[in-house]
Every structure is written in C-alpha cells, then in structure tokens.
Amino acid sequence: MLGENDGPSMLSYAATGAQFGIGFFLPFVVVTFGMAAVVQEMTVRLGSATHRGHAELIFGRFGPFWGWFSLIDLGIGNFLTLITEFIAIRAGAGFFGIPPWAGVVCALGLLYSALLTHRYWTWERIILALAVFNLVFVPVALLTHPNWHSVGHAFLTWKPLPGGLTQNTLIILLADIGATVTPWMLFFQQSATVDKGLTTKDIRFGRIDTVLGAALAAVAAVATILATSVLFTHHMSTENYQAAQFAEALQPLIGHVGAALFALGIIEAGMVACVTISASSAYAFGEVARRPHSLNLPIGQGRAFYSVLFLCAAVAAAIVLIPGLPLVYVVLFVNVIAVLAMPPALVFLFLLVNDREIMGDLVSPAWANVLATAVVVILTGAGILFGVSVIAPHFFALLGGK
Amino acid sequence: MTGKEQPQVPLAPGERDLVLSSLEHDQLAGQKTQPVPRRRLNGPEKFVVWSLRIYLLFMLAVVLYQVLHGTH
C-alpha cells in the first residue's frame, strides 16, 4: 500500500497543499486511504482464496470478452501512469541539476537491478526499503513548523472546500482520489498475493499489512500537504508548479536540506511505482497469455514476463524525454483518468469477492459490500461532476462556486 | 534459486505429485491447475457493467476534449 503513494500522487498532494491549504483536504485524503484499504483487503482475500491474479480470474470466470475489456483498461491506465512516474523522477532529479536523460536512465537501471535477484522475497524487501523512504515527507513537514492547533482543527471540523466547487477544485479532488484508488493497485496486489504464495491462513496478516501500509501512506500524504501548505499561507501562486519548483519554492522557508528531502521523496515515490506498475502489467500479461509470470523466475524462463516489464518501462521513460511535453498537465489528467477507470474495475472485483462458488465462506460481509458500493458511487459521482464541469462550465457558478 | 539459470529438467508424473504434495501444505499450488468454472453475468449485472463501460468511454472523450481545449 505504501507503494501506492506514487510520483503523481505526491505531486497531487503537493499541489493540493499549495493551492488549497489543509482545511478540507487533510481529512479528505485520510478518507481516500480508507477507501483504498477496503478495496485492497478484497484483493488480498480474493488472491488468497483463488490463487489467481485478477486478470486471470476475470478471464476464467467471465470469459475473454470482459477479460479483454479489463485488460485494455489496465494496459492503457498502467502505461499512462508509468509515464507520470518518470515525469516525477525527472522533475525531482531536476532539483539537483541532474539532466532529464540521466535521471530517467538511473531509474531504469534501478528498476532492472531490483529484478536481477529473481526472487519475489528479495524484490519485495528492496521495494519495501525504498517505500519506507516515502516517510521523508514527515521531516519536511516538521521543518515548516506546522500550527498543530490548525491541523487538529482541520481534522475535527472538516472545513468546506475553499472557494467552493469549481473545475479546478474538482480536478484536484479527482487527482487526490486517483492518487490512492487506482486500477493498477487491484491487479498488482492480487497478483503479488498469488506470487507470494499466500493462502487463506495468511489473510489475517494480509489485512494487517494492508491497514499498516494504508496508515503509513496516509501519514506521508498528510505530511506532503502540510509541507506545501506553507506556500498557501504565503499566498504564492503555484498552479503550474512541478516537483522541482515546489522544492525550490520551499527552500527559503525550510532550507536547502528540507527542499532536497522533498525532491528526493518525489524521486523515490516515482521509482517505487515504476517498479510496481510495470510488474502489474507484466503479471496481467502473463496471466492472460498463460506464460510463466513470477518474480521468482530466472530471466530465461520468464522471458515474456520480463520483456513486457522492461518494454513498458523503457517506452514510458523515452516518452518523458520528449521536449515540450506539458508534464504537470499530463500528471493531473492521468490521475483523473485513473479515477474514471476505477468503477468498472471495482464492479468486477465486487462480483468476484461475492462469488460463493470461488470464495466459499470468504465472501465479503455486508459491511464491506456497503463500503465498496459507497466507493463506486463516490468515484462515479466525482467523475460525473467533472464531466458536467467540462460540458457546462457555468453549472458550478449556479451552485455558489466561482 | 540463484541468478544463474538452472537447466529445466522435466518432472516424471510421480515426481510432480511429490513436488505438489510438499508445496500443497503451505501454498495450495495444485489448486491453480483446476480451471475456474465459467459464469454468465445476469441481467442486472450486465446492466451495471455496460453502464459503467459507456460511462468510462464518455468520460474519456470528455477528458480528451478538456486536454485539447486546455492545450489550445
């Protein structure tokens, strides 16, 4: 779950804090992690009970027609997200004066070297060690000397959206939801559960793992919003900032070390997600094409699996180096697309975890179904609101927004 | 398993059973060999799935419009 705090997620949180402060968004972001934990628990249960990845299960249970729909959604979503991870790495590296090509090549090198161990166990620990670095945003937030009274007040009162509901606030809202609840997360977590060899006996530990990861990821997200909220209180215009610019803007307020930690945190977030998203695509490909798909495989035996993984990452990295690409714009809209693609993916998850024929007694309890339905309704509603804001831009003005 | 590739040796049926039985206790590896039974979506399920499919396609068109509009 800590890997869910990817590069575009951290950039979304940074933009959130800098543009809107903490009043509405601190509790909102914690709620989104609650939603993500509910969904991830389902994938752990499903993977442990069926010993199959998500793509394989949709193909097997509902047939290739629906299987291909889900796989195409995942493939497009994963590829777009992978591009944004390299954007984050490139932007973070920019703070240290590292040329874009060098940052991207180093990231690819790290991604490939993590795979050379040919063991899921070792790979997972390398990724976990990297993911813990996500908490670097906590000291950055502390360096801004947050007003703890205001922070407590924000959580207890949950203030309304500053400036009302506008298209800009809606994009940030969707980007923050898309930062935590994404289709690749479903596919990756279930495939990883299977690759790790979890069984029904391990579900309890899977749940603890999921909740702990969600809590740590929420801490990092809240810390990022807190860190950049000082830019909001200083009334700095940050609408078109990239990671390097957030770090540069923070430098006079928190010093060079704090700003450097912020930039490193963005690089780390992009790096971890590069590895997990490309693995998610490769798992799904292997499951559907019935090719060996495991991080335990030597390169020779998992040629197709590793080829997909390498190729996805390499092409996404190359795209990021195209001159003049509107990077911030791409990041925000990819997160929005992730939110839009989530409800169809969630419905299949919902059907599978309530399928007594494959789940037995492990079908979802009523409370989990209520929560999952609420997640689908919230995500769909947020998407529809976004559509309305584009088609009828004056609609929100009628509701009292700007 | 090491980084160096090991030659693959085909398992005899008896050996395969032995491997599965030793893994079965911890990983239930043999369950993967049983196909998942096919299930057809019922009416309401088809309605929800198709509705969300149409929703997704429509919203992607909206995003594309917004991106093109924004870049101009």
# chains A, B, ... in the order shown; residues from 1 in each chain; ligands from 1
call {"tool": "select_by_dssp", "arguments": {"residues": "stretch 34-258 of chain A", "states": "helix (DSSP H, G or I)", "output": "ChimeraX atom specification"}}
result
/A:34-50,54-62,64-95,100-115,120-143,148-157,167-180,183-196,200-233,243-258
call {"tool": "interface_residues", "arguments": {"of": "chain B", "to": "chain A", "cutoff": "6 Å", "atoms": "only C-alpha atoms", "output": "JSON list (two decimals) with C-alpha atoms, in the first residue's frame"}}
result
[["chain", "number", "residue", "atom", "x", "y", "z"],
["B", 27, "GLN", "CA", 0.87, -22.78, -0.84],
["B", 36, "VAL", "CA", -12.16, -21.64, -12.67],
["B", 38, "ARG", "CA", -17.26, -20.09, -16.15],
["B", 39, "ARG", "CA", -20.16, -17.91, -15.01],
["B", 52, "LEU", "CA", -20.06, 1.78, -16.41]]
call {"tool": "atom_distance", "arguments": {"atom1": "atom CA of A:Pro139", "atom2": "atom CA of A:Phe25"}}
result
19.8 Å
call {"tool": "residues_around", "arguments": {"residues": "A:Ala249", "least_positions_apart": "3", "cutoff": "12 Å", "atoms": "only C-alpha atoms", "output": "JSON list (two decimals) with C-alpha atoms, in the first residue's frame"}}
result
[["chain", "number", "residue", "atom", "x", "y", "z"],
["A", 14, "ALA", "CA", 1.87, 18.98, -3.08],
["A", 18, "ALA", "CA", -0.04, 24.74, -2.01],
["A", 95, "PHE", "CA", 16.17, 19.97, -8.38],
["A", 227, "ALA", "CA", 4.69, 20.77, 3.87],
["A", 228, "THR", "CA", 3.38, 22.68, 0.87],
["A", 229, "SER", "CA", 0.55, 24.40, 2.76],
["A", 230, "VAL", "CA", 3.12, 26.99, 3.84],
["A", 231, "LEU", "CA", 3.13, 28.15, 0.21],
["A", 232, "PHE", "CA", -0.64, 28.60, 0.50],
["A", 234, "HIS", "CA", 2.36, 32.77, 1.99],
["A", 235, "HIS", "CA", -0.09, 33.32, -0.92],
["A", 236, "MET", "CA", 2.35, 32.00, -3.52],
["A", 237, "SER", "CA", 0.95, 31.21, -6.96],
["A", 238, "THR", "CA", 1.74, 27.53, -7.53],
["A", 241, "TYR", "CA", 4.46, 24.03, -10.41],
["A", 242, "GLN", "CA", 6.39, 20.83, -10.96],
["A", 243, "ALA", "CA", 8.22, 18.89, -8.26],
["A", 244, "ALA", "CA", 11.45, 20.82, -8.65],
["A", 245, "GLN", "CA", 9.59, 24.12, -8.42],
["A", 246, "PHE", "CA", 7.77, 23.03, -5.25],
["A", 252, "PRO", "CA", 13.64, 29.79, 1.52],
["A", 253, "LEU", "CA", 11.13, 28.55, 4.10],
["A", 254, "ILE", "CA", 12.62, 25.20, 5.16],
["A", 255, "GLY", "CA", 16.23, 25.42, 3.98],
["A", 256, "HIS", "CA", 18.22, 23.50, 1.37],
["A", 258, "GLY", "CA", 14.38, 20.26, 3.61],
["A", 259, "ALA", "CA", 13.91, 21.14, -0.06],
["A", 260, "ALA", "CA", 16.36, 18.43, -1.11],
["A", 262, "PHE", "CA", 11.26, 16.93, -0.68],
["A", 263, "ALA", "CA", 12.76, 16.40, -4.14]]
call {"tool": "atom_distance", "arguments": {"atom1": "atom CA of B:Tyr65", "atom2": "atom CA of A:Leu332"}}
result
14.8 Å
call {"tool": "atom_distance", "arguments": {"atom1": "atom CA of A:Phe20", "atom2": "atom CA of A:Leu161"}}
result
8.1 Å
call {"tool": "residues_around", "arguments": {"residues": "A:Val219", "least_positions_apart": "4", "cutoff": "9 Å", "atoms": "only C-alpha atoms", "output": "PDB file with C-alpha atoms, in the first residue's frame"}}
result
ATOM      1  CA  VAL A  30      -7.361  10.199   5.062  1.00  0.00           C
ATOM      2  CA  LEU A 135       8.065   8.955   5.022  1.00  0.00           C
ATOM      3  CA  PHE A 137       7.888  13.944   3.789  1.00  0.00           C
ATOM      4  CA  VAL A 138       7.328  13.827   7.570  1.00  0.00           C
ATOM      5  CA  ALA A 214      -2.558   2.496   4.340  1.00  0.00           C
ATOM      6  CA  ALA A 215      -1.823   4.230   7.653  1.00  0.00           C
ATOM      7  CA  ALA A 223       2.814  15.376   5.638  1.00  0.00           C
ATOM      8  CA  THR A 224       3.148  16.406   1.970  1.00  0.00           C
TER       9      THR A 224
END
call {"tool": "residues_around", "arguments": {"residues": "A:Asn5", "least_positions_apart": "3", "cutoff": "9 Å", "atoms": "only C-alpha atoms", "output": "VMD selection string"}}
result
chain A and resid 1 to 2 8 to 10 131 134 179 to 180 217 to 218 220 to 221 269 to 270 272 to 273
call {"tool": "write_last_selection", "arguments": {"atoms": "N, CA and C atoms", "output": "mmCIF file, in the first residue's frame"}}
result
data_model
loop_
_atom_site.group_PDB
_atom_site.id
_atom_site.type_symbol
_atom_site.label_atom_id
_atom_site.label_comp_id
_atom_site.auth_asym_id
_atom_site.auth_seq_id
_atom_site.Cartn_x
_atom_site.Cartn_y
_atom_site.Cartn_z
ATOM 1 N N MET A 1 0.828 -1.214 0.000
ATOM 2 C CA MET A 1 0.000 0.000 0.000
ATOM 3 C C MET A 1 0.859 1.259 0.000
ATOM 4 N N LEU A 2 2.024 1.169 0.698
ATOM 5 C CA LEU A 2 2.883 2.352 0.748
ATOM 6 C C LEU A 2 3.377 2.704 -0.657
ATOM 7 N N PRO A 8 3.014 10.857 -9.200
ATOM 8 C CA PRO A 8 1.911 11.799 -9.427
ATOM 9 C C PRO A 8 1.056 12.011 -8.182
ATOM 10 N N SER A 9 0.965 10.980 -7.319
ATOM 11 C CA SER A 9 0.201 11.151 -6.077
ATOM 12 C C SER A 9 0.838 12.248 -5.227
ATOM 13 N N MET A 10 2.166 12.159 -5.068
ATOM 14 C CA MET A 10 2.837 13.130 -4.208
ATOM 15 C C MET A 10 2.754 14.531 -4.821
ATOM 16 N N ALA A 131 10.185 2.077 -0.296
ATOM 17 C CA ALA A 131 8.884 2.677 0.024
ATOM 18 C C ALA A 131 8.900 3.370 1.379
ATOM 19 N N ASN A 134 9.395 6.968 1.646
ATOM 20 C CA ASN A 134 8.268 7.866 1.386
ATOM 21 C C ASN A 134 7.967 8.739 2.615
ATOM 22 N N ALA A 179 -5.020 9.365 -6.688
ATOM 23 C CA ALA A 179 -3.704 9.127 -6.102
ATOM 24 C C ALA A 179 -3.723 7.899 -5.206
ATOM 25 N N THR A 180 -4.898 7.523 -4.699
ATOM 26 C CA THR A 180 -4.950 6.394 -3.754
ATOM 27 C C THR A 180 -5.698 5.188 -4.297
ATOM 28 N N ALA A 217 1.008 5.307 4.472
ATOM 29 C CA ALA A 217 0.849 6.101 3.243
ATOM 30 C C ALA A 217 0.045 7.366 3.535
ATOM 31 N N ALA A 218 -0.971 7.239 4.397
ATOM 32 C CA ALA A 218 -1.779 8.413 4.751
ATOM 33 C C ALA A 218 -0.923 9.435 5.497
ATOM 34 N N ALA A 220 2.289 9.921 5.125
ATOM 35 C CA ALA A 220 3.151 10.584 4.130
ATOM 36 C C ALA A 220 2.351 11.599 3.311
ATOM 37 N N ALA A 221 1.118 11.234 2.955
ATOM 38 C CA ALA A 221 0.289 12.146 2.154
ATOM 39 C C ALA A 221 -0.067 13.403 2.949
ATOM 40 N N ALA A 269 9.130 8.183 -4.728
ATOM 41 C CA ALA A 269 7.737 7.787 -4.984
ATOM 42 C C ALA A 269 7.588 7.319 -6.436
ATOM 43 N N GLY A 270 8.194 8.055 -7.357
ATOM 44 C CA GLY A 270 8.134 7.665 -8.761
ATOM 45 C C GLY A 270 8.839 6.347 -9.007
ATOM 46 N N VAL A 272 9.462 3.749 -6.868
ATOM 47 C CA VAL A 272 8.753 2.571 -6.346
ATOM 48 C C VAL A 272 7.598 2.201 -7.278
ATOM 49 N N ALA A 273 6.854 3.228 -7.692
ATOM 50 C CA ALA A 273 5.686 2.941 -8.530
ATOM 51 C C ALA A 273 6.086 2.450 -9.921
#
call {"tool": "closest_residue", "arguments": {"among": "A:Val363, A:Val132, A:Val222, A:Ala279", "to": "A:Asp176", "atoms": "only C-alpha atoms"}}
result
A:Val222
